[in-house]
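Below is one structure, written out as structure tokens, with a few remarks after it.
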There are 2 protein chains.
Amino acid sequence: MTDYQNILRNIKRYVELSEEDEQEFISIIKTSSVKKRQFIVQPNFVCEYQTYVEKGAFRSYFVSDEGEDHTIQFAIEDWFISDFNSYISQEPASLFVEALEDGIIHQIAYQDVENLCEKKPKFERFFRLVAQKSFAYAQKRVLSNLGKSAEARYIEFQAQYPTIVQRVPQYALASYLGMSAEFLSKIRKRLSKA
Amino acid sequence: MTDYQNILRNIKRYVELSEEDEQEFISIIKTSSVKKRQFIVQPNFVCEYQTYVEKGAFRSYFVSDEGEDHTIQFAIEDWFISDFNSYISQEPASLFVEALEDGIIHQIAYQDVENLCEKKPKFERFFRLVAQKSFAYAQKRVLSNLGKSAEARYIEFQAQYPTIVQRVPQYALASYLGMSAEFLSKIRKRLSKA
DNA sequence: ATAAAATCTTGAACTAGTTCAAGAACATTT
DNA sequence: AAATGTTCTTGAACTAGTTCAAGATTTTAT
């Protein structure tokens with residue numbers, strides 16, 4: 001017996017749902033459990049689903065030609081994650097999405113979402129609001145990447161997402177913040193002494 | 001007599017519009033002309049509108065505490081621009097949006113858009129698709145900022161947006177690409193010789 | 001056409017952040 | 001509990017990109 005209360009509550013932060021709406025939405029959810037280090041999205045495969053994290057921690061990242069990896073996003077409980085580019089275009093992904101811990105996810109398929117939006121404008125609205133918020137968030141990130149020093153970026157992130165800092169490996173955080181793992185280690189040491 | 005063909009064509013790339021839909025949309029558009037160096041969005045004022053560029057070139061940018069400015073976005077003909085964070089939350093802006101040339105813009109107010117979306121799901125859909133695309137684009141930018149050297153970033157941008165490179169001041173481009181204006185000048189020299 | 005303002009260039013000195021390498025600490029499997 | 005794999009730390013040498021300053025060029029206004 002799967003519990004859909006969390007994901008439904010998430011949606012209800014944006015739009016009201018009738019009992020029937022809830023049932024309709026639940027009917028397209030596919031739930032699964034994942035093991036640490038498992039990939040739920042991989043380059044060259046189309047990212048068919050948007051994934052809601054019921055339990056666990058994930059990251060999406062890109063591996064450059066030089067073999068360095070660059071973290072695009074983290075997601076813990078109550079967040080969505082995917083290779084969004086691949087998802088909306090239904091073209092092959094360029095990112096990995098990897099479980100950083102054992103976890104449980106709810107997935108919704110591209111075509112099911114599009115059909116649902118068509119049928120019930122309420123969901124169209126939900127996905128519009130979420131996409132707008134995500135875009136605003138991504139712009140904010142660009143901004144703080146451009147403006148700030150490596151140390152300032154770390155301090156800001158640590159203030160805003162203390163839980164994530166504790167849960168994800170340091171090399172993944174460093175690659176999210178756009179610095180080498182070694183340098184992040186040095187920053188942390190410097191800050192712990194001050 | 002104002003011409004709405006371009007903005008309507010833009011929308012019709014995503015959804016079909018009846019004659020009535022078009023009229024409805026046109027009724028909320030406010031058109032104005034702007035002079036070079038004019039601000040259409042300023043910090044501390046709520047960004048009431050999303051702006052469609054009919055003619056001209058714009059940039060949005062942020063001024064940091066140290067007084068450096070960081071370009072977030074450029075927009076030329078057929079693009080939308082705003083302080084999107086301020087627009088969707090209807091809270092005071094933190095960005096400037098400045099005209100880089102004399103131009104003509106079509107603006108649509110937050111509340112008018114929300115009402116229109118409520119009334120006609122077709123527009124809800126349009127704005128969802130646009131927001132999703134914008135988000136995907138912003139993620140791509142984060143990615144190329146993280147992965148690449150200053151020179152590679154410039155080359156990539158130049159390949160993708162040659163028109164913009166020609167139309168905007170170099171210091172604005174440098175601040176978009178996350179490097180000093182001097183360094184961009186040096187990169188260009190280096191490339192022109194090679 | 002001239003003056004004033006804005007933008008771009010160049011070199012020299014500097015620094016924030018990288019790379020490499022090797023060991024230490026921690027986690028996971030048997 | 002030992003063994004293996006994974007992640008984190010530290011220092012030394014390096015480099016991509018910055019800052020400063022001054023002149024050259026282009027644009028804008030009168």
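We label chains A, B, ... in the order they appear in the structure tokens, count residues from 1 in each chain, and number ligands from 1 in the order shown.
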Exercise: DA24 (chain D) partners within 12 Å, only C-alpha atoms (C1' of nucleotides), chain neighbours under 4 positions left out, as a PyMOL selection string: chain C and resi 7-10
Distance table requested - chain A against chain C, cut-off 12 Å, only C-alpha atoms (C1' of nucleotides): one row per qualifying residue with the closest atom pair and its distance in Å to one decimal, ordered by chain and rising residue number, as a Markdown table.
| residue | atom | partner | partner_atom | distance |
| --- | --- | --- | --- | --- |
| A:Lys36 | CA | C:DT28 | C1' | 11.9 |
| A:Lys148 | CA | C:DA16 | C1' | 11.9 |
| A:Ser149 | CA | C:DA16 | C1' | 8.5 |
| A:Ala150 | CA | C:DG17 | C1' | 8.4 |
| A:Glu151 | CA | C:DA16 | C1' | 10.2 |
| A:Gly178 | CA | C:DG17 | C1' | 10.4 |
| A:Met179 | CA | C:DG17 | C1' | 7.6 |
| A:Ser180 | CA | C:DT18 | C1' | 7.2 |
| A:Ala181 | CA | C:DT18 | C1' | 10.1 |
| A:Glu182 | CA | C:DT18 | C1' | 8.9 |
| A:Phe183 | CA | C:DG17 | C1' | 7.2 |
| A:Leu184 | CA | C:DG17 | C1' | 10.1 |
| A:Lys186 | CA | C:DG17 | C1' | 10.9 |
| A:Ile187 | CA | C:DG17 | C1' | 11.0 |
Expected answer as a ChimeraX atom specification: chain A residues within 9 Å of chain B, only C-alpha atoms: /A:61-64,68-72,83-86,88,117-118,121-122,124-143,145-148,175-179
Please, which residues in chain D fall within 9 Å of chain B when counting only C-alpha atoms (C1' of nucleotides), and what is the closest atom pair and distance in Å to one decimal for each, ordered by chain then residue number, as a tab-separated table?
residue	atom	partner	partner_atom	distance
D:DA16	C1'	B:Ser149	CA	8.4
D:DG17	C1'	B:Phe183	CA	7.2
D:DT18	C1'	B:Ser180	CA	7.2
Output file for the selection above: all heavy atoms, as a PDB file, in the first residue's frame:
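Saved as again23.pdb:
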ATOM      1  P    DA D  16      46.288  28.177 -18.371  1.00  0.00           P
ATOM      2  OP1  DA D  16      46.394  26.757 -18.724  1.00  0.00           O
ATOM      3  OP2  DA D  16      46.913  29.225 -19.221  1.00  0.00           O
ATOM      4  O5'  DA D  16      44.754  28.518 -18.212  1.00  0.00           O
ATOM      5  C5'  DA D  16      44.003  27.897 -17.182  1.00  0.00           C
ATOM      6  C4'  DA D  16      43.079  28.915 -16.550  1.00  0.00           C
ATOM      7  O4'  DA D  16      43.799  29.705 -15.570  1.00  0.00           O
ATOM      8  C3'  DA D  16      42.455  29.905 -17.514  1.00  0.00           C
ATOM      9  O3'  DA D  16      41.115  30.038 -17.092  1.00  0.00           O
ATOM     10  C2'  DA D  16      43.270  31.187 -17.329  1.00  0.00           C
ATOM     11  C1'  DA D  16      43.666  31.097 -15.860  1.00  0.00           C
ATOM     12  N9   DA D  16      44.962  31.675 -15.494  1.00  0.00           N
ATOM     13  C8   DA D  16      46.128  31.655 -16.214  1.00  0.00           C
ATOM     14  N7   DA D  16      47.144  32.217 -15.601  1.00  0.00           N
ATOM     15  C5   DA D  16      46.607  32.634 -14.393  1.00  0.00           C
ATOM     16  C6   DA D  16      47.183  33.310 -13.295  1.00  0.00           C
ATOM     17  N6   DA D  16      48.464  33.677 -13.230  1.00  0.00           N
ATOM     18  N1   DA D  16      46.384  33.576 -12.238  1.00  0.00           N
ATOM     19  C2   DA D  16      45.106  33.194 -12.294  1.00  0.00           C
ATOM     20  N3   DA D  16      44.451  32.556 -13.272  1.00  0.00           N
ATOM     21  C4   DA D  16      45.279  32.310 -14.307  1.00  0.00           C
ATOM     22  P    DG D  17      40.042  30.889 -17.861  1.00  0.00           P
ATOM     23  OP1  DG D  17      38.730  30.262 -17.640  1.00  0.00           O
ATOM     24  OP2  DG D  17      40.563  31.143 -19.224  1.00  0.00           O
ATOM     25  O5'  DG D  17      40.070  32.267 -17.044  1.00  0.00           O
ATOM     26  C5'  DG D  17      39.548  32.270 -15.707  1.00  0.00           C
ATOM     27  C4'  DG D  17      39.938  33.565 -15.049  1.00  0.00           C
ATOM     28  O4'  DG D  17      41.370  33.657 -14.964  1.00  0.00           O
ATOM     29  C3'  DG D  17      39.470  34.825 -15.783  1.00  0.00           C
ATOM     30  O3'  DG D  17      38.644  35.572 -14.906  1.00  0.00           O
ATOM     31  C2'  DG D  17      40.759  35.529 -16.152  1.00  0.00           C
ATOM     32  C1'  DG D  17      41.714  35.019 -15.070  1.00  0.00           C
ATOM     33  N9   DG D  17      43.125  35.153 -15.407  1.00  0.00           N
ATOM     34  C8   DG D  17      43.757  34.785 -16.577  1.00  0.00           C
ATOM     35  N7   DG D  17      45.036  35.077 -16.578  1.00  0.00           N
ATOM     36  C5   DG D  17      45.254  35.677 -15.333  1.00  0.00           C
ATOM     37  C6   DG D  17      46.451  36.217 -14.759  1.00  0.00           C
ATOM     38  O6   DG D  17      47.578  36.265 -15.261  1.00  0.00           O
ATOM     39  N1   DG D  17      46.234  36.712 -13.492  1.00  0.00           N
ATOM     40  C2   DG D  17      45.017  36.712 -12.830  1.00  0.00           C
ATOM     41  N2   DG D  17      44.989  37.241 -11.620  1.00  0.00           N
ATOM     42  N3   DG D  17      43.891  36.215 -13.350  1.00  0.00           N
ATOM     43  C4   DG D  17      44.088  35.725 -14.598  1.00  0.00           C
ATOM     44  P    DT D  18      38.262  37.088 -15.045  1.00  0.00           P
ATOM     45  OP1  DT D  18      36.881  37.196 -14.564  1.00  0.00           O
ATOM     46  OP2  DT D  18      38.645  37.566 -16.386  1.00  0.00           O
ATOM     47  O5'  DT D  18      39.193  37.790 -13.968  1.00  0.00           O
ATOM     48  C5'  DT D  18      39.162  37.336 -12.622  1.00  0.00           C
ATOM     49  C4'  DT D  18      39.865  38.347 -11.730  1.00  0.00           C
ATOM     50  O4'  DT D  18      41.269  38.364 -12.074  1.00  0.00           O
ATOM     51  C3'  DT D  18      39.370  39.781 -11.901  1.00  0.00           C
ATOM     52  O3'  DT D  18      39.219  40.344 -10.609  1.00  0.00           O
ATOM     53  C2'  DT D  18      40.453  40.467 -12.716  1.00  0.00           C
ATOM     54  C1'  DT D  18      41.701  39.685 -12.330  1.00  0.00           C
ATOM     55  N1   DT D  18      42.726  39.598 -13.412  1.00  0.00           N
ATOM     56  C2   DT D  18      43.989  40.044 -13.158  1.00  0.00           C
ATOM     57  O2   DT D  18      44.332  40.551 -12.104  1.00  0.00           O
ATOM     58  N3   DT D  18      44.880  39.895 -14.209  1.00  0.00           N
ATOM     59  C4   DT D  18      44.622  39.344 -15.445  1.00  0.00           C
ATOM     60  O4   DT D  18      45.500  39.260 -16.299  1.00  0.00           O
ATOM     61  C5   DT D  18      43.252  38.887 -15.637  1.00  0.00           C
ATOM     62  C7   DT D  18      42.874  38.280 -16.943  1.00  0.00           C
ATOM     63  C6   DT D  18      42.390  39.033 -14.629  1.00  0.00           C
TER      64       DT D  18
END
Backbone DSSP call of strand (DSSP E or B) for region 11-189 of chain B, listed as a ChimeraX atom specification: /B:29-34,39-41,46,49-55,58-63,69-75,80-81,92,96-99,103-109
Output of the above residues as a PDB file, in the first residue's frame, restricted to C-alpha atoms:
ATOM      1  CA  ILE B  29      -1.059  44.178 -24.622  1.00  0.00           C
ATOM      2  CA  LYS B  30       0.420  47.573 -23.887  1.00  0.00           C
ATOM      3  CA  THR B  31       2.824  48.801 -26.527  1.00  0.00           C
ATOM      4  CA  SER B  32       5.477  51.452 -26.014  1.00  0.00           C
ATOM      5  CA  SER B  33       8.686  52.713 -27.497  1.00  0.00           C
ATOM      6  CA  VAL B  34      11.884  53.033 -25.501  1.00  0.00           C
ATOM      7  CA  PHE B  39      15.274  51.206 -17.839  1.00  0.00           C
ATOM      8  CA  ILE B  40      12.071  49.209 -18.110  1.00  0.00           C
ATOM      9  CA  VAL B  41      12.677  47.407 -14.797  1.00  0.00           C
ATOM     10  CA  VAL B  46       7.837  45.442  -8.628  1.00  0.00           C
ATOM     11  CA  TYR B  49       5.145  43.185 -16.819  1.00  0.00           C
ATOM     12  CA  GLN B  50       6.638  40.562 -19.024  1.00  0.00           C
ATOM     13  CA  THR B  51       8.099  42.359 -22.001  1.00  0.00           C
ATOM     14  CA  TYR B  52       8.137  41.091 -25.571  1.00  0.00           C
ATOM     15  CA  VAL B  53      10.745  42.755 -27.769  1.00  0.00           C
ATOM     16  CA  GLU B  54       9.165  43.874 -31.060  1.00  0.00           C
ATOM     17  CA  LYS B  55      12.273  45.829 -32.015  1.00  0.00           C
ATOM     18  CA  PHE B  58      17.816  44.650 -24.037  1.00  0.00           C
ATOM     19  CA  ARG B  59      19.732  43.186 -21.148  1.00  0.00           C
ATOM     20  CA  SER B  60      18.802  42.339 -17.574  1.00  0.00           C
ATOM     21  CA  TYR B  61      21.536  42.675 -14.987  1.00  0.00           C
ATOM     22  CA  PHE B  62      22.290  42.641 -11.330  1.00  0.00           C
ATOM     23  CA  VAL B  63      24.616  45.053  -9.516  1.00  0.00           C
ATOM     24  CA  ASP B  69      27.330  44.330 -12.763  1.00  0.00           C
ATOM     25  CA  HIS B  70      26.355  40.859 -13.926  1.00  0.00           C
ATOM     26  CA  THR B  71      24.270  40.330 -17.019  1.00  0.00           C
ATOM     27  CA  ILE B  72      21.587  37.678 -16.578  1.00  0.00           C
ATOM     28  CA  GLN B  73      19.938  37.735 -19.977  1.00  0.00           C
ATOM     29  CA  PHE B  74      19.917  39.424 -23.357  1.00  0.00           C
ATOM     30  CA  ALA B  75      16.790  39.822 -25.458  1.00  0.00           C
ATOM     31  CA  PHE B  80      10.644  37.928 -23.769  1.00  0.00           C
ATOM     32  CA  ILE B  81      12.487  39.618 -20.909  1.00  0.00           C
ATOM     33  CA  PRO B  92      10.315  44.143  -5.617  1.00  0.00           C
ATOM     34  CA  PHE B  96      17.707  46.280 -13.978  1.00  0.00           C
ATOM     35  CA  VAL B  97      16.335  45.714 -17.458  1.00  0.00           C
ATOM     36  CA  GLU B  98      17.901  48.260 -19.777  1.00  0.00           C
ATOM     37  CA  ALA B  99      17.437  49.101 -23.449  1.00  0.00           C
ATOM     38  CA  GLY B 103      13.172  49.916 -29.497  1.00  0.00           C
ATOM     39  CA  ILE B 104       9.504  48.960 -29.420  1.00  0.00           C
ATOM     40  CA  ILE B 105       8.033  46.615 -26.811  1.00  0.00           C
ATOM     41  CA  HIS B 106       4.756  44.862 -26.080  1.00  0.00           C
ATOM     42  CA  GLN B 107       4.064  44.417 -22.381  1.00  0.00           C
ATOM     43  CA  ILE B 108       1.567  42.177 -20.590  1.00  0.00           C
ATOM     44  CA  ALA B 109       0.721  42.696 -16.920  1.00  0.00           C
TER      45      ALA B 109
END
Interatomic distance (Å, one decimal) between CA of Asn44 (chain A) and CA of Ser27 (chain A):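 One can read the CA of Asn44 (chain A) to CA of Ser27 (chain A) distance as 28.4 Å.
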Write out as a PDB file with N, CA and C atoms, in the first residue's frame the set of residues from region 67-150 of chain A that DSSP, computed on the backbone, places in alpha helix (DSSP H).
ATOM      1  N   PHE A  84      15.754  17.642 -17.410  1.00  0.00           N
ATOM      2  CA  PHE A  84      14.562  18.345 -17.841  1.00  0.00           C
ATOM      3  C   PHE A  84      14.560  18.631 -19.335  1.00  0.00           C
ATOM      4  N   ASN A  85      15.754  18.913 -19.854  1.00  0.00           N
ATOM      5  CA  ASN A  85      15.900  19.113 -21.285  1.00  0.00           C
ATOM      6  C   ASN A  85      15.434  17.902 -22.072  1.00  0.00           C
ATOM      7  N   SER A  86      15.895  16.766 -21.664  1.00  0.00           N
ATOM      8  CA  SER A  86      15.513  15.531 -22.336  1.00  0.00           C
ATOM      9  C   SER A  86      14.029  15.264 -22.125  1.00  0.00           C
ATOM     10  N   TYR A  87      13.556  15.485 -20.917  1.00  0.00           N
ATOM     11  CA  TYR A  87      12.153  15.228 -20.597  1.00  0.00           C
ATOM     12  C   TYR A  87      11.208  16.052 -21.479  1.00  0.00           C
ATOM     13  N   ILE A  88      11.424  17.367 -21.555  1.00  0.00           N
ATOM     14  CA  ILE A  88      10.450  18.166 -22.305  1.00  0.00           C
ATOM     15  C   ILE A  88      10.564  17.984 -23.818  1.00  0.00           C
ATOM     16  N   SER A  89      11.745  17.623 -24.308  1.00  0.00           N
ATOM     17  CA  SER A  89      11.877  17.436 -25.752  1.00  0.00           C
ATOM     18  C   SER A  89      11.707  15.965 -26.124  1.00  0.00           C
ATOM     19  N   TYR A 110       6.089  11.372 -19.348  1.00  0.00           N
ATOM     20  CA  TYR A 110       5.834  12.551 -20.180  1.00  0.00           C
ATOM     21  C   TYR A 110       4.443  12.531 -20.799  1.00  0.00           C
ATOM     22  N   GLN A 111       4.113  11.454 -21.515  1.00  0.00           N
ATOM     23  CA  GLN A 111       2.849  11.439 -22.248  1.00  0.00           C
ATOM     24  C   GLN A 111       1.639  11.438 -21.317  1.00  0.00           C
ATOM     25  N   ASP A 112       1.778  10.757 -20.184  1.00  0.00           N
ATOM     26  CA  ASP A 112       0.690  10.759 -19.197  1.00  0.00           C
ATOM     27  C   ASP A 112       0.454  12.170 -18.651  1.00  0.00           C
ATOM     28  N   VAL A 113       1.539  12.887 -18.417  1.00  0.00           N
ATOM     29  CA  VAL A 113       1.419  14.259 -17.902  1.00  0.00           C
ATOM     30  C   VAL A 113       0.748  15.149 -18.940  1.00  0.00           C
ATOM     31  N   GLU A 114       1.209  15.038 -20.189  1.00  0.00           N
ATOM     32  CA  GLU A 114       0.630  15.872 -21.245  1.00  0.00           C
ATOM     33  C   GLU A 114      -0.871  15.582 -21.392  1.00  0.00           C
ATOM     34  N   ASN A 115      -1.246  14.309 -21.358  1.00  0.00           N
ATOM     35  CA  ASN A 115      -2.661  13.958 -21.461  1.00  0.00           C
ATOM     36  C   ASN A 115      -3.462  14.517 -20.293  1.00  0.00           C
ATOM     37  N   LEU A 116      -2.890  14.373 -19.127  1.00  0.00           N
ATOM     38  CA  LEU A 116      -3.579  14.864 -17.932  1.00  0.00           C
ATOM     39  C   LEU A 116      -3.783  16.385 -18.005  1.00  0.00           C
ATOM     40  N   CYS A 117      -2.752  17.090 -18.466  1.00  0.00           N
ATOM     41  CA  CYS A 117      -2.852  18.541 -18.592  1.00  0.00           C
ATOM     42  C   CYS A 117      -3.943  18.937 -19.580  1.00  0.00           C
ATOM     43  N   GLU A 118      -4.003  18.186 -20.651  1.00  0.00           N
ATOM     44  CA  GLU A 118      -4.999  18.434 -21.688  1.00  0.00           C
ATOM     45  C   GLU A 118      -6.402  18.265 -21.112  1.00  0.00           C
ATOM     46  N   LYS A 119      -6.562  17.209 -20.358  1.00  0.00           N
ATOM     47  CA  LYS A 119      -7.874  16.851 -19.814  1.00  0.00           C
ATOM     48  C   LYS A 119      -8.283  17.776 -18.667  1.00  0.00           C
ATOM     49  N   PRO A 121      -7.193  21.284 -16.885  1.00  0.00           N
ATOM     50  CA  PRO A 121      -6.387  22.502 -16.874  1.00  0.00           C
ATOM     51  C   PRO A 121      -5.762  22.822 -15.510  1.00  0.00           C
ATOM     52  N   LYS A 122      -6.365  22.300 -14.475  1.00  0.00           N
ATOM     53  CA  LYS A 122      -5.818  22.464 -13.140  1.00  0.00           C
ATOM     54  C   LYS A 122      -4.374  21.984 -13.068  1.00  0.00           C
ATOM     55  N   PHE A 123      -4.094  20.866 -13.746  1.00  0.00           N
ATOM     56  CA  PHE A 123      -2.746  20.303 -13.743  1.00  0.00           C
ATOM     57  C   PHE A 123      -1.830  21.096 -14.669  1.00  0.00           C
ATOM     58  N   GLU A 124      -2.405  21.554 -15.758  1.00  0.00           N
ATOM     59  CA  GLU A 124      -1.659  22.461 -16.638  1.00  0.00           C
ATOM     60  C   GLU A 124      -1.150  23.618 -15.780  1.00  0.00           C
ATOM     61  N   ARG A 125      -2.029  24.166 -14.989  1.00  0.00           N
ATOM     62  CA  ARG A 125      -1.676  25.280 -14.105  1.00  0.00           C
ATOM     63  C   ARG A 125      -0.576  24.891 -13.127  1.00  0.00           C
ATOM     64  N   PHE A 126      -0.745  23.751 -12.481  1.00  0.00           N
ATOM     65  CA  PHE A 126       0.273  23.286 -11.539  1.00  0.00           C
ATOM     66  C   PHE A 126       1.645  23.222 -12.204  1.00  0.00           C
ATOM     67  N   PHE A 127       1.693  22.580 -13.369  1.00  0.00           N
ATOM     68  CA  PHE A 127       2.990  22.423 -14.027  1.00  0.00           C
ATOM     69  C   PHE A 127       3.528  23.752 -14.554  1.00  0.00           C
ATOM     70  N   ARG A 128       2.637  24.667 -14.902  1.00  0.00           N
ATOM     71  CA  ARG A 128       3.106  26.005 -15.279  1.00  0.00           C
ATOM     72  C   ARG A 128       3.768  26.683 -14.083  1.00  0.00           C
ATOM     73  N   LEU A 129       3.100  26.677 -12.956  1.00  0.00           N
ATOM     74  CA  LEU A 129       3.625  27.368 -11.783  1.00  0.00           C
ATOM     75  C   LEU A 129       4.953  26.765 -11.332  1.00  0.00           C
ATOM     76  N   VAL A 130       5.023  25.439 -11.367  1.00  0.00           N
ATOM     77  CA  VAL A 130       6.272  24.782 -10.982  1.00  0.00           C
ATOM     78  C   VAL A 130       7.403  25.144 -11.942  1.00  0.00           C
ATOM     79  N   ALA A 131       7.117  25.116 -13.239  1.00  0.00           N
ATOM     80  CA  ALA A 131       8.155  25.432 -14.222  1.00  0.00           C
ATOM     81  C   ALA A 131       8.620  26.869 -14.055  1.00  0.00           C
ATOM     82  N   GLN A 132       7.686  27.769 -13.786  1.00  0.00           N
ATOM     83  CA  GLN A 132       8.050  29.173 -13.606  1.00  0.00           C
ATOM     84  C   GLN A 132       8.941  29.346 -12.390  1.00  0.00           C
ATOM     85  N   LYS A 133       8.576  28.647 -11.331  1.00  0.00           N
ATOM     86  CA  LYS A 133       9.373  28.752 -10.113  1.00  0.00           C
ATOM     87  C   LYS A 133      10.772  28.167 -10.335  1.00  0.00           C
ATOM     88  N   SER A 134      10.822  27.045 -11.048  1.00  0.00           N
ATOM     89  CA  SER A 134      12.109  26.424 -11.333  1.00  0.00           C
ATOM     90  C   SER A 134      12.988  27.345 -12.161  1.00  0.00           C
ATOM     91  N   PHE A 135      12.366  28.013 -13.117  1.00  0.00           N
ATOM     92  CA  PHE A 135      13.123  28.924 -13.963  1.00  0.00           C
ATOM     93  C   PHE A 135      13.677  30.081 -13.132  1.00  0.00           C
ATOM     94  N   ALA A 136      12.827  30.648 -12.291  1.00  0.00           N
ATOM     95  CA  ALA A 136      13.266  31.745 -11.429  1.00  0.00           C
ATOM     96  C   ALA A 136      14.432  31.291 -10.554  1.00  0.00           C
ATOM     97  N   TYR A 137      14.327  30.080 -10.043  1.00  0.00           N
ATOM     98  CA  TYR A 137      15.377  29.527  -9.204  1.00  0.00           C
ATOM     99  C   TYR A 137      16.689  29.368  -9.984  1.00  0.00           C
ATOM    100  N   ALA A 138      16.571  28.846 -11.199  1.00  0.00           N
ATOM    101  CA  ALA A 138      17.768  28.631 -12.017  1.00  0.00           C
ATOM    102  C   ALA A 138      18.453  29.957 -12.340  1.00  0.00           C
ATOM    103  N   GLN A 139      17.655  30.993 -12.561  1.00  0.00           N
ATOM    104  CA  GLN A 139      18.232  32.314 -12.835  1.00  0.00           C
ATOM    105  C   GLN A 139      18.983  32.838 -11.626  1.00  0.00           C
ATOM    106  N   LYS A 140      18.398  32.594 -10.462  1.00  0.00           N
ATOM    107  CA  LYS A 140      19.036  33.022  -9.223  1.00  0.00           C
ATOM    108  C   LYS A 140      20.393  32.337  -9.069  1.00  0.00           C
ATOM    109  N   ARG A 141      20.435  31.073  -9.477  1.00  0.00           N
ATOM    110  CA  ARG A 141      21.695  30.340  -9.370  1.00  0.00           C
ATOM    111  C   ARG A 141      22.739  30.918 -10.318  1.00  0.00           C
ATOM    112  N   VAL A 142      22.345  31.205 -11.530  1.00  0.00           N
ATOM    113  CA  VAL A 142      23.258  31.823 -12.489  1.00  0.00           C
ATOM    114  C   VAL A 142      23.852  33.081 -11.856  1.00  0.00           C
ATOM    115  N   LEU A 143      22.966  33.851 -11.284  1.00  0.00           N
ATOM    116  CA  LEU A 143      23.338  35.105 -10.649  1.00  0.00           C
ATOM    117  C   LEU A 143      24.373  34.915  -9.549  1.00  0.00           C
ATOM    118  N   SER A 144      24.146  33.927  -8.676  1.00  0.00           N
ATOM    119  CA  SER A 144      25.082  33.823  -7.571  1.00  0.00           C
ATOM    120  C   SER A 144      26.372  33.155  -8.022  1.00  0.00           C
ATOM    121  N   ASN A 145      26.302  32.367  -9.108  1.00  0.00           N
ATOM    122  CA  ASN A 145      27.533  31.855  -9.696  1.00  0.00           C
ATOM    123  C   ASN A 145      28.382  32.976 -10.267  1.00  0.00           C
ATOM    124  N   LEU A 146      27.727  33.901 -10.948  1.00  0.00           N
ATOM    125  CA  LEU A 146      28.464  34.981 -11.587  1.00  0.00           C
ATOM    126  C   LEU A 146      29.060  35.920 -10.553  1.00  0.00           C
ATOM    127  N   GLY A 147      28.265  36.245  -9.543  1.00  0.00           N
ATOM    128  CA  GLY A 147      28.656  37.334  -8.656  1.00  0.00           C
ATOM    129  C   GLY A 147      29.710  37.006  -7.632  1.00  0.00           C
ATOM    130  N   ALA A 150      34.235  31.640  -4.615  1.00  0.00           N
ATOM    131  CA  ALA A 150      33.980  30.249  -4.244  1.00  0.00           C
ATOM    132  C   ALA A 150      33.539  30.158  -2.781  1.00  0.00           C
TER     133      ALA A 150
END
